[in-house]
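Below is input00.cif, which holds mmCIF, C-alpha atoms, pLDDT in the B column; chains and numbers go by the auth columns.
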```cif
data_structure
#
loop_
_atom_site.group_PDB
_atom_site.id
_atom_site.type_symbol
_atom_site.label_atom_id
_atom_site.label_comp_id
_atom_site.label_asym_id
_atom_site.label_seq_id
_atom_site.Cartn_x
_atom_site.Cartn_y
_atom_site.Cartn_z
_atom_site.B_iso_or_equiv
_atom_site.auth_seq_id
_atom_site.auth_asym_id
ATOM 1 C CA MET A 1 -46.569 -123.523 26.881 68.00 1 A
ATOM 2 C CA GLU A 2 -47.098 -119.814 26.269 68.00 2 A
ATOM 3 C CA ILE A 3 -45.756 -119.043 29.773 72.00 3 A
ATOM 4 C CA LEU A 4 -42.575 -121.045 29.126 75.00 4 A
ATOM 5 C CA LYS A 5 -42.119 -119.240 25.817 67.00 5 A
ATOM 6 C CA ASN A 6 -42.462 -115.860 27.521 67.00 6 A
ATOM 7 C CA LEU A 7 -40.044 -116.852 30.302 68.00 7 A
ATOM 8 C CA LEU A 8 -37.499 -118.012 27.729 73.00 8 A
ATOM 9 C CA GLN A 9 -37.867 -114.736 25.832 67.00 9 A
ATOM 10 C CA VAL A 10 -37.324 -112.705 29.008 65.00 10 A
ATOM 11 C CA LEU A 11 -34.262 -114.827 29.825 71.00 11 A
ATOM 12 C CA LEU A 12 -32.707 -114.344 26.407 70.00 12 A
ATOM 13 C CA THR A 13 -33.502 -110.621 26.154 68.00 13 A
ATOM 14 C CA SER A 14 -32.170 -110.076 29.690 70.00 14 A
ATOM 15 C CA ILE A 15 -28.892 -111.728 28.760 73.00 15 A
ATOM 16 C CA GLY A 16 -28.819 -109.677 25.575 69.00 16 A
ATOM 17 C CA SER A 17 -29.496 -106.397 27.425 69.00 17 A
ATOM 18 C CA ILE A 18 -26.761 -107.170 29.966 70.00 18 A
ATOM 19 C CA ALA A 19 -24.288 -107.869 27.152 74.00 19 A
ATOM 20 C CA ALA A 20 -25.330 -104.668 25.380 70.00 20 A
ATOM 21 C CA LEU A 21 -25.002 -102.622 28.585 64.00 21 A
ATOM 22 C CA PHE A 22 -21.538 -104.049 29.213 69.00 22 A
ATOM 23 C CA ALA A 23 -20.381 -103.251 25.675 71.00 23 A
ATOM 24 C CA LEU A 24 -21.861 -99.748 25.714 64.00 24 A
ATOM 25 C CA THR A 25 -20.395 -98.852 29.114 64.00 25 A
ATOM 26 C CA LYS A 26 -17.003 -99.976 27.827 62.00 26 A
ATOM 27 C CA LEU A 27 -17.523 -97.628 24.896 61.00 27 A
ATOM 28 C CA ILE A 28 -18.478 -94.708 27.152 58.00 28 A
ATOM 29 C CA GLY A 29 -15.711 -95.477 29.669 57.00 29 A
ATOM 30 C CA ASN A 30 -15.586 -96.403 33.346 53.00 30 A
ATOM 31 C CA ARG A 31 -15.977 -93.492 35.728 54.00 31 A
ATOM 32 C CA GLN A 32 -17.020 -93.101 39.333 48.00 32 A
ATOM 33 C CA ILE A 33 -20.411 -91.562 40.131 50.00 33 A
ATOM 34 C CA SER A 34 -18.682 -88.458 41.505 51.00 34 A
ATOM 35 C CA GLN A 35 -16.905 -88.006 38.151 53.00 35 A
ATOM 36 C CA LEU A 36 -20.093 -87.962 36.080 61.00 36 A
ATOM 37 C CA ASN A 37 -21.514 -84.693 34.869 62.00 37 A
ATOM 38 C CA MET A 38 -25.283 -84.197 34.791 62.00 38 A
ATOM 39 C CA PHE A 39 -25.604 -85.284 31.155 66.00 39 A
ATOM 40 C CA ASP A 40 -23.645 -88.497 31.752 69.00 40 A
ATOM 41 C CA TYR A 41 -25.714 -89.251 34.846 67.00 41 A
ATOM 42 C CA ILE A 42 -29.076 -88.793 33.104 70.00 42 A
ATOM 43 C CA ASN A 43 -27.786 -90.591 30.021 71.00 43 A
ATOM 44 C CA GLY A 44 -26.756 -93.591 32.138 74.00 44 A
ATOM 45 C CA ILE A 45 -30.169 -93.748 33.828 74.00 45 A
ATOM 46 C CA THR A 46 -31.897 -93.555 30.441 78.00 46 A
ATOM 47 C CA ILE A 47 -29.787 -96.362 28.970 75.00 47 A
ATOM 48 C CA GLY A 48 -30.474 -98.499 32.046 74.00 48 A
ATOM 49 C CA SER A 49 -34.212 -97.853 31.777 78.00 49 A
ATOM 50 C CA ILE A 50 -34.233 -98.829 28.104 75.00 50 A
ATOM 51 C CA ALA A 51 -32.275 -101.981 28.934 76.00 51 A
ATOM 52 C CA ALA A 52 -34.821 -102.937 31.610 73.00 52 A
ATOM 53 C CA GLU A 53 -37.665 -102.324 29.156 73.00 53 A
ATOM 54 C CA MET A 54 -35.844 -104.412 26.559 72.00 54 A
ATOM 55 C CA ALA A 55 -35.426 -107.302 29.008 69.00 55 A
ATOM 56 C CA THR A 56 -39.076 -107.506 30.094 69.00 56 A
ATOM 57 C CA SER A 57 -40.959 -106.504 26.964 69.00 57 A
ATOM 58 C CA LEU A 58 -42.711 -109.482 25.373 60.00 58 A
ATOM 59 C CA GLU A 59 -44.323 -107.759 22.413 60.00 59 A
ATOM 60 C CA SER A 60 -41.975 -105.154 20.996 60.00 60 A
ATOM 61 C CA ASP A 61 -38.953 -105.920 18.823 68.00 61 A
ATOM 62 C CA PHE A 62 -35.744 -105.980 20.897 68.00 62 A
ATOM 63 C CA LEU A 63 -33.843 -104.297 18.071 71.00 63 A
ATOM 64 C CA MET A 64 -35.647 -100.996 18.670 75.00 64 A
ATOM 65 C CA PRO A 65 -34.550 -100.517 22.304 76.00 65 A
ATOM 66 C CA LEU A 66 -31.080 -101.813 21.385 74.00 66 A
ATOM 67 C CA LEU A 67 -30.834 -99.119 18.702 76.00 67 A
ATOM 68 C CA ALA A 68 -31.984 -96.470 21.197 77.00 68 A
ATOM 69 C CA MET A 69 -29.387 -97.613 23.740 77.00 69 A
ATOM 70 C CA THR A 70 -26.692 -97.459 21.089 78.00 70 A
ATOM 71 C CA ILE A 71 -27.694 -93.935 20.045 78.00 71 A
ATOM 72 C CA TYR A 72 -27.534 -92.678 23.633 75.00 72 A
ATOM 73 C CA ALA A 73 -24.162 -94.345 24.235 78.00 73 A
ATOM 74 C CA VAL A 74 -22.651 -93.071 20.979 78.00 74 A
ATOM 75 C CA SER A 75 -23.894 -89.535 21.721 77.00 75 A
ATOM 76 C CA ALA A 76 -22.257 -89.645 25.161 75.00 76 A
ATOM 77 C CA PHE A 77 -19.016 -90.951 23.644 78.00 77 A
ATOM 78 C CA THR A 78 -19.079 -88.286 20.912 79.00 78 A
ATOM 79 C CA LEU A 79 -19.632 -85.441 23.372 73.00 79 A
ATOM 80 C CA SER A 80 -16.844 -86.782 25.564 75.00 80 A
ATOM 81 C CA LEU A 81 -14.536 -86.891 22.555 79.00 81 A
ATOM 82 C CA ILE A 82 -15.440 -83.336 21.563 79.00 82 A
ATOM 83 C CA ALA A 83 -14.934 -82.094 25.139 71.00 83 A
ATOM 84 C CA SER A 84 -11.482 -83.680 25.286 74.00 84 A
ATOM 85 C CA ARG A 85 -10.357 -81.796 22.167 79.00 85 A
ATOM 86 C CA SER A 86 -11.841 -78.346 22.723 76.00 86 A
ATOM 87 C CA LEU A 87 -11.597 -76.162 25.818 75.00 87 A
ATOM 88 C CA LYS A 88 -14.679 -74.113 24.922 77.00 88 A
ATOM 89 C CA ALA A 89 -16.698 -77.243 24.221 72.00 89 A
ATOM 90 C CA ARG A 90 -15.501 -78.819 27.468 71.00 90 A
ATOM 91 C CA ARG A 91 -16.603 -75.771 29.451 71.00 91 A
ATOM 92 C CA PHE A 92 -19.991 -75.816 27.721 73.00 92 A
ATOM 93 C CA ILE A 93 -20.579 -79.575 28.064 68.00 93 A
ATOM 94 C CA ASN A 94 -19.006 -80.312 31.445 69.00 94 A
ATOM 95 C CA GLY A 95 -19.360 -76.916 33.090 73.00 95 A
ATOM 96 C CA ARG A 96 -16.769 -74.869 34.969 80.00 96 A
ATOM 97 C CA ALA A 97 -15.431 -74.790 38.500 84.00 97 A
ATOM 98 C CA VAL A 98 -16.988 -72.169 40.789 89.00 98 A
ATOM 99 C CA ILE A 99 -15.396 -70.630 43.882 90.00 99 A
ATOM 100 C CA LEU A 100 -17.771 -70.868 46.840 92.00 100 A
ATOM 101 C CA PHE A 101 -15.493 -69.708 49.646 93.00 101 A
ATOM 102 C CA ASP A 102 -12.228 -67.811 49.582 91.00 102 A
ATOM 103 C CA ASN A 103 -10.217 -65.971 52.217 88.00 103 A
ATOM 104 C CA GLY A 104 -13.055 -65.881 54.748 88.00 104 A
ATOM 105 C CA LYS A 105 -15.807 -64.930 52.295 90.00 105 A
ATOM 106 C CA LEU A 106 -18.838 -66.998 51.250 91.00 106 A
ATOM 107 C CA TYR A 107 -20.004 -66.071 47.746 90.00 107 A
ATOM 108 C CA TYR A 108 -23.792 -66.206 47.908 89.00 108 A
ATOM 109 C CA ASP A 109 -24.297 -65.650 44.162 88.00 109 A
ATOM 110 C CA ASN A 110 -22.119 -68.671 43.387 89.00 110 A
ATOM 111 C CA PHE A 111 -24.130 -70.776 45.829 90.00 111 A
ATOM 112 C CA LYS A 112 -27.271 -69.772 43.919 88.00 112 A
ATOM 113 C CA ARG A 113 -25.540 -70.463 40.624 86.00 113 A
ATOM 114 C CA THR A 114 -24.576 -73.991 41.661 86.00 114 A
ATOM 115 C CA LYS A 115 -27.910 -74.559 43.470 86.00 115 A
ATOM 116 C CA LEU A 116 -25.983 -75.630 46.554 87.00 116 A
ATOM 117 C CA ASP A 117 -27.429 -75.228 50.031 86.00 117 A
ATOM 118 C CA ILE A 118 -25.169 -73.875 52.788 88.00 118 A
ATOM 119 C CA ASN A 119 -25.928 -76.909 54.976 89.00 119 A
ATOM 120 C CA GLU A 120 -24.843 -79.247 52.189 89.00 120 A
ATOM 121 C CA PHE A 121 -21.675 -77.210 51.762 91.00 121 A
ATOM 122 C CA LEU A 122 -20.887 -77.477 55.484 91.00 122 A
ATOM 123 C CA THR A 123 -21.559 -81.210 55.326 91.00 123 A
ATOM 124 C CA GLN A 124 -19.048 -81.634 52.509 91.00 124 A
ATOM 125 C CA CYS A 125 -16.508 -79.614 54.473 92.00 125 A
ATOM 126 C CA ARG A 126 -16.942 -81.905 57.479 92.00 126 A
ATOM 127 C CA VAL A 127 -16.635 -84.963 55.234 91.00 127 A
ATOM 128 C CA GLY A 128 -13.321 -83.505 54.073 90.00 128 A
ATOM 129 C CA GLY A 129 -12.190 -83.146 57.705 90.00 129 A
ATOM 130 C CA TYR A 130 -12.854 -79.423 58.159 91.00 130 A
ATOM 131 C CA PHE A 131 -15.376 -78.592 60.861 90.00 131 A
ATOM 132 C CA ASP A 132 -14.276 -74.961 61.102 89.00 132 A
ATOM 133 C CA LEU A 133 -14.398 -72.672 58.063 89.00 133 A
ATOM 134 C CA SER A 134 -11.588 -70.611 59.530 89.00 134 A
ATOM 135 C CA GLN A 135 -9.242 -73.496 58.636 92.00 135 A
ATOM 136 C CA ILE A 136 -10.133 -73.229 54.948 93.00 136 A
ATOM 137 C CA GLN A 137 -8.460 -70.911 52.471 93.00 137 A
ATOM 138 C CA THR A 138 -10.523 -71.758 49.370 93.00 138 A
ATOM 139 C CA ALA A 139 -13.423 -74.087 48.562 93.00 139 A
ATOM 140 C CA VAL A 140 -14.269 -74.792 44.926 92.00 140 A
ATOM 141 C CA PHE A 141 -17.385 -76.406 43.479 90.00 141 A
ATOM 142 C CA GLU A 142 -16.075 -78.642 40.701 86.00 142 A
ATOM 143 C CA ALA A 143 -17.867 -79.327 37.433 79.00 143 A
ATOM 144 C CA ASN A 144 -18.609 -82.915 38.525 75.00 144 A
ATOM 145 C CA GLY A 145 -20.454 -81.732 41.650 79.00 145 A
ATOM 146 C CA SER A 146 -17.706 -82.403 44.195 84.00 146 A
ATOM 147 C CA ILE A 147 -16.156 -79.754 46.435 90.00 147 A
ATOM 148 C CA SER A 148 -12.382 -79.287 46.513 91.00 148 A
ATOM 149 C CA ILE A 149 -10.902 -77.686 49.626 93.00 149 A
ATOM 150 C CA LEU A 150 -7.585 -75.898 49.979 92.00 150 A
ATOM 151 C CA PRO A 151 -6.749 -75.538 53.694 93.00 151 A
ATOM 152 C CA LYS A 152 -4.828 -72.604 55.083 91.00 152 A
ATOM 153 C CA ALA A 153 -1.083 -73.106 55.192 85.00 153 A
ATOM 154 C CA GLU A 154 -1.002 -73.672 58.957 85.00 154 A
ATOM 155 C CA TYR A 155 -3.624 -76.427 58.705 83.00 155 A
ATOM 156 C CA ARG A 156 -2.124 -78.362 55.820 84.00 156 A
ATOM 157 C CA PRO A 157 -0.668 -81.790 56.578 81.00 157 A
ATOM 158 C CA ILE A 158 3.107 -81.752 56.996 79.00 158 A
ATOM 159 C CA ASN A 159 4.984 -83.547 54.265 80.00 159 A
ATOM 160 C CA PRO A 160 8.066 -85.554 55.306 79.00 160 A
ATOM 161 C CA THR A 161 10.040 -83.652 52.680 80.00 161 A
ATOM 162 C CA ASP A 162 9.100 -80.380 54.414 78.00 162 A
ATOM 163 C CA VAL A 163 11.160 -81.364 57.451 77.00 163 A
ATOM 164 C CA SER A 164 13.757 -83.485 55.601 79.00 164 A
ATOM 165 C CA LEU A 165 12.556 -86.742 57.143 78.00 165 A
ATOM 166 C CA LYS A 166 13.265 -90.154 55.680 79.00 166 A
ATOM 167 C CA VAL A 167 10.336 -92.511 56.160 72.00 167 A
ATOM 168 C CA SER A 168 10.151 -96.223 55.596 74.00 168 A
ATOM 169 C CA ALA A 169 7.549 -97.761 53.321 71.00 169 A
ATOM 170 C CA GLU A 170 4.327 -98.752 55.048 72.00 170 A
ATOM 171 C CA LYS A 171 2.464 -102.003 54.592 78.00 171 A
ATOM 172 C CA PRO A 172 -1.305 -101.979 54.139 83.00 172 A
ATOM 173 C CA PRO A 173 -3.237 -103.323 57.144 86.00 173 A
ATOM 174 C CA ILE A 174 -4.501 -106.890 57.029 91.00 174 A
ATOM 175 C CA ASN A 175 -8.042 -107.431 58.294 93.00 175 A
ATOM 176 C CA LEU A 176 -8.319 -110.534 60.454 93.00 176 A
ATOM 177 C CA ILE A 177 -11.852 -110.136 61.829 93.00 177 A
ATOM 178 C CA ILE A 178 -14.797 -108.332 60.268 91.00 178 A
ATOM 179 C CA GLY A 179 -18.227 -108.341 61.874 89.00 179 A
ATOM 180 C CA GLY A 180 -17.250 -111.072 64.327 90.00 180 A
ATOM 181 C CA GLU A 181 -16.054 -113.446 61.586 91.00 181 A
ATOM 182 C CA ILE A 182 -12.424 -114.571 61.423 93.00 182 A
ATOM 183 C CA LEU A 183 -10.930 -114.270 57.934 93.00 183 A
ATOM 184 C CA GLU A 184 -8.935 -117.483 57.752 92.00 184 A
ATOM 185 C CA GLU A 185 -7.150 -116.681 54.482 92.00 185 A
ATOM 186 C CA ASN A 186 -5.962 -113.309 55.768 92.00 186 A
ATOM 187 C CA LEU A 187 -4.877 -114.887 59.045 92.00 187 A
ATOM 188 C CA LYS A 188 -2.817 -117.446 57.132 92.00 188 A
ATOM 189 C CA ARG A 189 -1.394 -114.749 54.846 90.00 189 A
ATOM 190 C CA SER A 190 -0.221 -112.781 57.866 90.00 190 A
ATOM 191 C CA GLY A 191 1.760 -115.804 59.118 90.00 191 A
ATOM 192 C CA ARG A 192 -0.347 -116.165 62.281 91.00 192 A
ATOM 193 C CA ASP A 193 -2.767 -118.764 63.524 92.00 193 A
ATOM 194 C CA ARG A 194 -5.875 -118.884 65.705 92.00 194 A
ATOM 195 C CA ASN A 195 -3.880 -119.453 68.871 93.00 195 A
ATOM 196 C CA TRP A 196 -1.915 -116.260 68.289 93.00 196 A
ATOM 197 C CA LEU A 197 -5.119 -114.364 67.522 93.00 197 A
ATOM 198 C CA ASN A 198 -6.933 -115.655 70.604 92.00 198 A
ATOM 199 C CA ASP A 199 -3.961 -114.762 72.827 93.00 199 A
ATOM 200 C CA ARG A 200 -3.847 -111.215 71.423 92.00 200 A
ATOM 201 C CA LEU A 201 -7.583 -110.793 71.853 93.00 201 A
ATOM 202 C CA LYS A 202 -7.460 -112.006 75.468 93.00 202 A
ATOM 203 C CA SER A 203 -4.599 -109.610 76.210 92.00 203 A
ATOM 204 C CA GLN A 204 -6.949 -106.797 75.140 91.00 204 A
ATOM 205 C CA GLY A 205 -9.832 -108.109 77.224 90.00 205 A
ATOM 206 C CA VAL A 206 -11.778 -109.762 74.414 90.00 206 A
ATOM 207 C CA LYS A 207 -12.918 -113.308 75.171 87.00 207 A
ATOM 208 C CA ASN A 208 -14.871 -114.113 72.026 89.00 208 A
ATOM 209 C CA PRO A 209 -14.077 -113.042 68.438 90.00 209 A
ATOM 210 C CA SER A 210 -17.831 -112.728 67.751 89.00 210 A
ATOM 211 C CA GLY A 211 -17.802 -109.551 69.847 88.00 211 A
ATOM 212 C CA VAL A 212 -15.193 -107.917 67.611 91.00 212 A
ATOM 213 C CA TYR A 213 -16.436 -105.528 64.935 90.00 213 A
ATOM 214 C CA LEU A 214 -13.019 -105.135 63.310 91.00 214 A
ATOM 215 C CA ALA A 215 -9.537 -106.459 64.045 93.00 215 A
ATOM 216 C CA CYS A 216 -6.525 -105.885 61.842 93.00 216 A
ATOM 217 C CA ILE A 217 -2.743 -106.007 61.836 92.00 217 A
ATOM 218 C CA ASN A 218 -1.388 -102.517 61.226 87.00 218 A
ATOM 219 C CA SER A 219 1.839 -101.474 59.507 80.00 219 A
ATOM 220 C CA SER A 220 3.699 -101.900 62.823 82.00 220 A
ATOM 221 C CA ASP A 221 2.601 -105.564 63.056 86.00 221 A
ATOM 222 C CA GLU A 222 0.357 -104.757 66.002 89.00 222 A
ATOM 223 C CA LEU A 223 -3.184 -106.049 66.380 92.00 223 A
ATOM 224 C CA GLU A 224 -5.793 -103.297 66.451 93.00 224 A
ATOM 225 C CA VAL A 225 -9.139 -104.402 67.919 93.00 225 A
ATOM 226 C CA TYR A 226 -12.456 -102.562 67.731 92.00 226 A
ATOM 227 C CA VAL A 227 -15.259 -104.229 69.663 87.00 227 A
ATOM 228 C CA LYS A 228 -18.959 -103.867 68.978 81.00 228 A
ATOM 229 C CA ILE A 229 -20.503 -101.122 71.101 72.00 229 A
ATOM 230 C CA THR A 230 -24.285 -101.215 71.378 70.00 230 A
ATOM 231 C CA GLY A 231 -26.801 -99.768 73.788 66.00 231 A
ATOM 232 C CA GLU A 232 -24.338 -97.419 75.464 59.00 232 A
ATOM 233 C CA ALA A 233 -25.924 -94.537 77.354 56.00 233 A
ATOM 234 C CA ASP A 234 -23.232 -92.155 76.122 57.00 234 A
ATOM 235 C CA THR A 235 -23.707 -93.056 72.434 58.00 235 A
ATOM 236 C CA PRO A 236 -23.927 -89.704 70.568 56.00 236 A
ATOM 237 C CA LYS A 237 -27.507 -88.846 69.640 61.00 237 A
ATOM 238 C CA GLY A 238 -29.056 -86.038 67.656 59.00 238 A
ATOM 239 C CA ASP A 239 -27.457 -83.822 65.025 52.00 239 A
ATOM 240 C CA PRO A 240 -25.109 -81.224 66.516 54.00 240 A
ATOM 241 C CA PHE A 241 -24.662 -79.532 63.134 48.00 241 A
ATOM 242 C CA GLN A 242 -28.287 -78.458 62.537 50.00 242 A
#
```
Show the structure stored in the file as C-alpha cells.
Amino acid sequence: MEILKNLLQVLLTSIGSIAALFALTKLIGNRQISQLNMFDYINGITIGSIAAEMATSLESDFLMPLLAMTIYAVSAFTLSLIASRSLKARRFINGRAVILFDNGKLYYDNFKRTKLDINEFLTQCRVGGYFDLSQIQTAVFEANGSISILPKAEYRPINPTDVSLKVSAEKPPINLIIGGEILEENLKRSGRDRNWLNDRLKSQGVKNPSGVYLACINSSDELEVYVKITGEADTPKGDPFQ
C-alpha cells in the first residue's frame, strides 16, 4: 500500500513539475541553445534539476522546489527585460561581440578572452563552409558563443540582383524515402505512386528501396537518390584537420 502511495505521489508531482516547467519556459521565452547566454544556460539546467528533484522527492514539500523554480525563472525574465531596455545592462549581462580574425590577422588576446581554442575556431569555420582562412575577411565571436563570418568580397555568394537576374520561386524538396522506408503520405502528396517510384529507382540502378538512404523530389521535379554506402575501402578515415 505504501509503495502504491509513493508511486502515485511521484506520478502527480511529475505531472506538476512538467506543467510548471512548461509555464516557466513560456515566461522566459523560447530560444535555441545557440541563442542562450551562459546565465540562461546554467539557469535552465538549475530549473530542470529542481524539477527532477521535485518529481522524485517523497518526503519534502513540493511547494518549496516549485518556489525555487519560480524564483529562478522570474530572475531570468527580469534580467532579460532589463537587458532589452538598457544597452549598458545588455553588454554587462549578455556580453559583447569580440573580433577573432580580421584582414588576415588572428587576435590571440581575444582568443584568450573568449577562452576559445584555435582548433575549435577552425572547426567552426569549416562548419560555416570556409576551409581556408584566406577566404575570410572578418570572424566575430558573438555574445551567445557562436562565430559569425564575413567572407571576402570575391568569395561571397552572388545575389541574383547583383547580375540583374530574374529567378522563379523554388519549391521545397519532398522526401519520398528515408532510411530505406517509403513515405507513403509524401509520395501521395507529390502526385506519384509506387510504380512511378520503382521505375525511377530502376532507371538509376536501384532495385530495392531498402537500399536507399534518402530519395527526394527536388525543385525541378527530378528524383534525387542517395544509396547507402557501407564498407567501402575508399571511405574517408582519420581526421585530416588535426
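Note on the selection: in this file the PyMOL selection byres ((chain A and resi 176-179) around 7) comes out as Ile174, Asn175, Gly180, Glu181, Ile182, Leu183, Asn186, Leu187, Val212, Tyr213, Leu214, Ala215 and Cys216 of chain A.
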May I have the residues within 7 Å of segment 128-140 of chain A as a PyMOL selection string, using only C-alpha atoms and disregarding those fewer than 4 positions away in the same chain? chain A and resi 97-104+124+147-152+155
Taken to one decimal, the atom CA of Leu12 of chain A-atom CA of Met54 of chain A distance is 10.4 Å
Find, counting all atoms listed in the file, the residue in A:Leu11, A:Ala20, A:Leu116, A:Val206 that gets nearest to Ala73 of chain A. A:Ala20
Restricting to all atoms listed in the file, whichever of A:Glu154, A:Ala51, A:Asn119, A:Tyr226 is closest to Met64 of chain A is A:Ala51
Could you tell me, as a PyMOL selection string, exactly which residues end up selected when the PyMOL selection byres ((chain A and resi 46) around 12) is applied to this structure? chain A and resi 21+39-45+47-53+65+68-73+76
Surrounding residues of Ser168 of chain A excluding itself and chain neighbours under 3 positions, 12 Å, all atoms listed in the file, as a list in words: Pro160, Leu165, Lys171, Ser219 and Ser220 of chain A
As AutoDock Vina command-line options, please report the centre and edge lengths, rounded to one decimal in Å, of the axis-aligned box that holds all listed atoms of segment 134-140 of chain A with 6 Å of padding on each of the six sides.
```
--center_x -11.4 --center_y -72.7 --center_z 52.2 --size_x 17.8 --size_y 16.2 --size_z 26.6
```
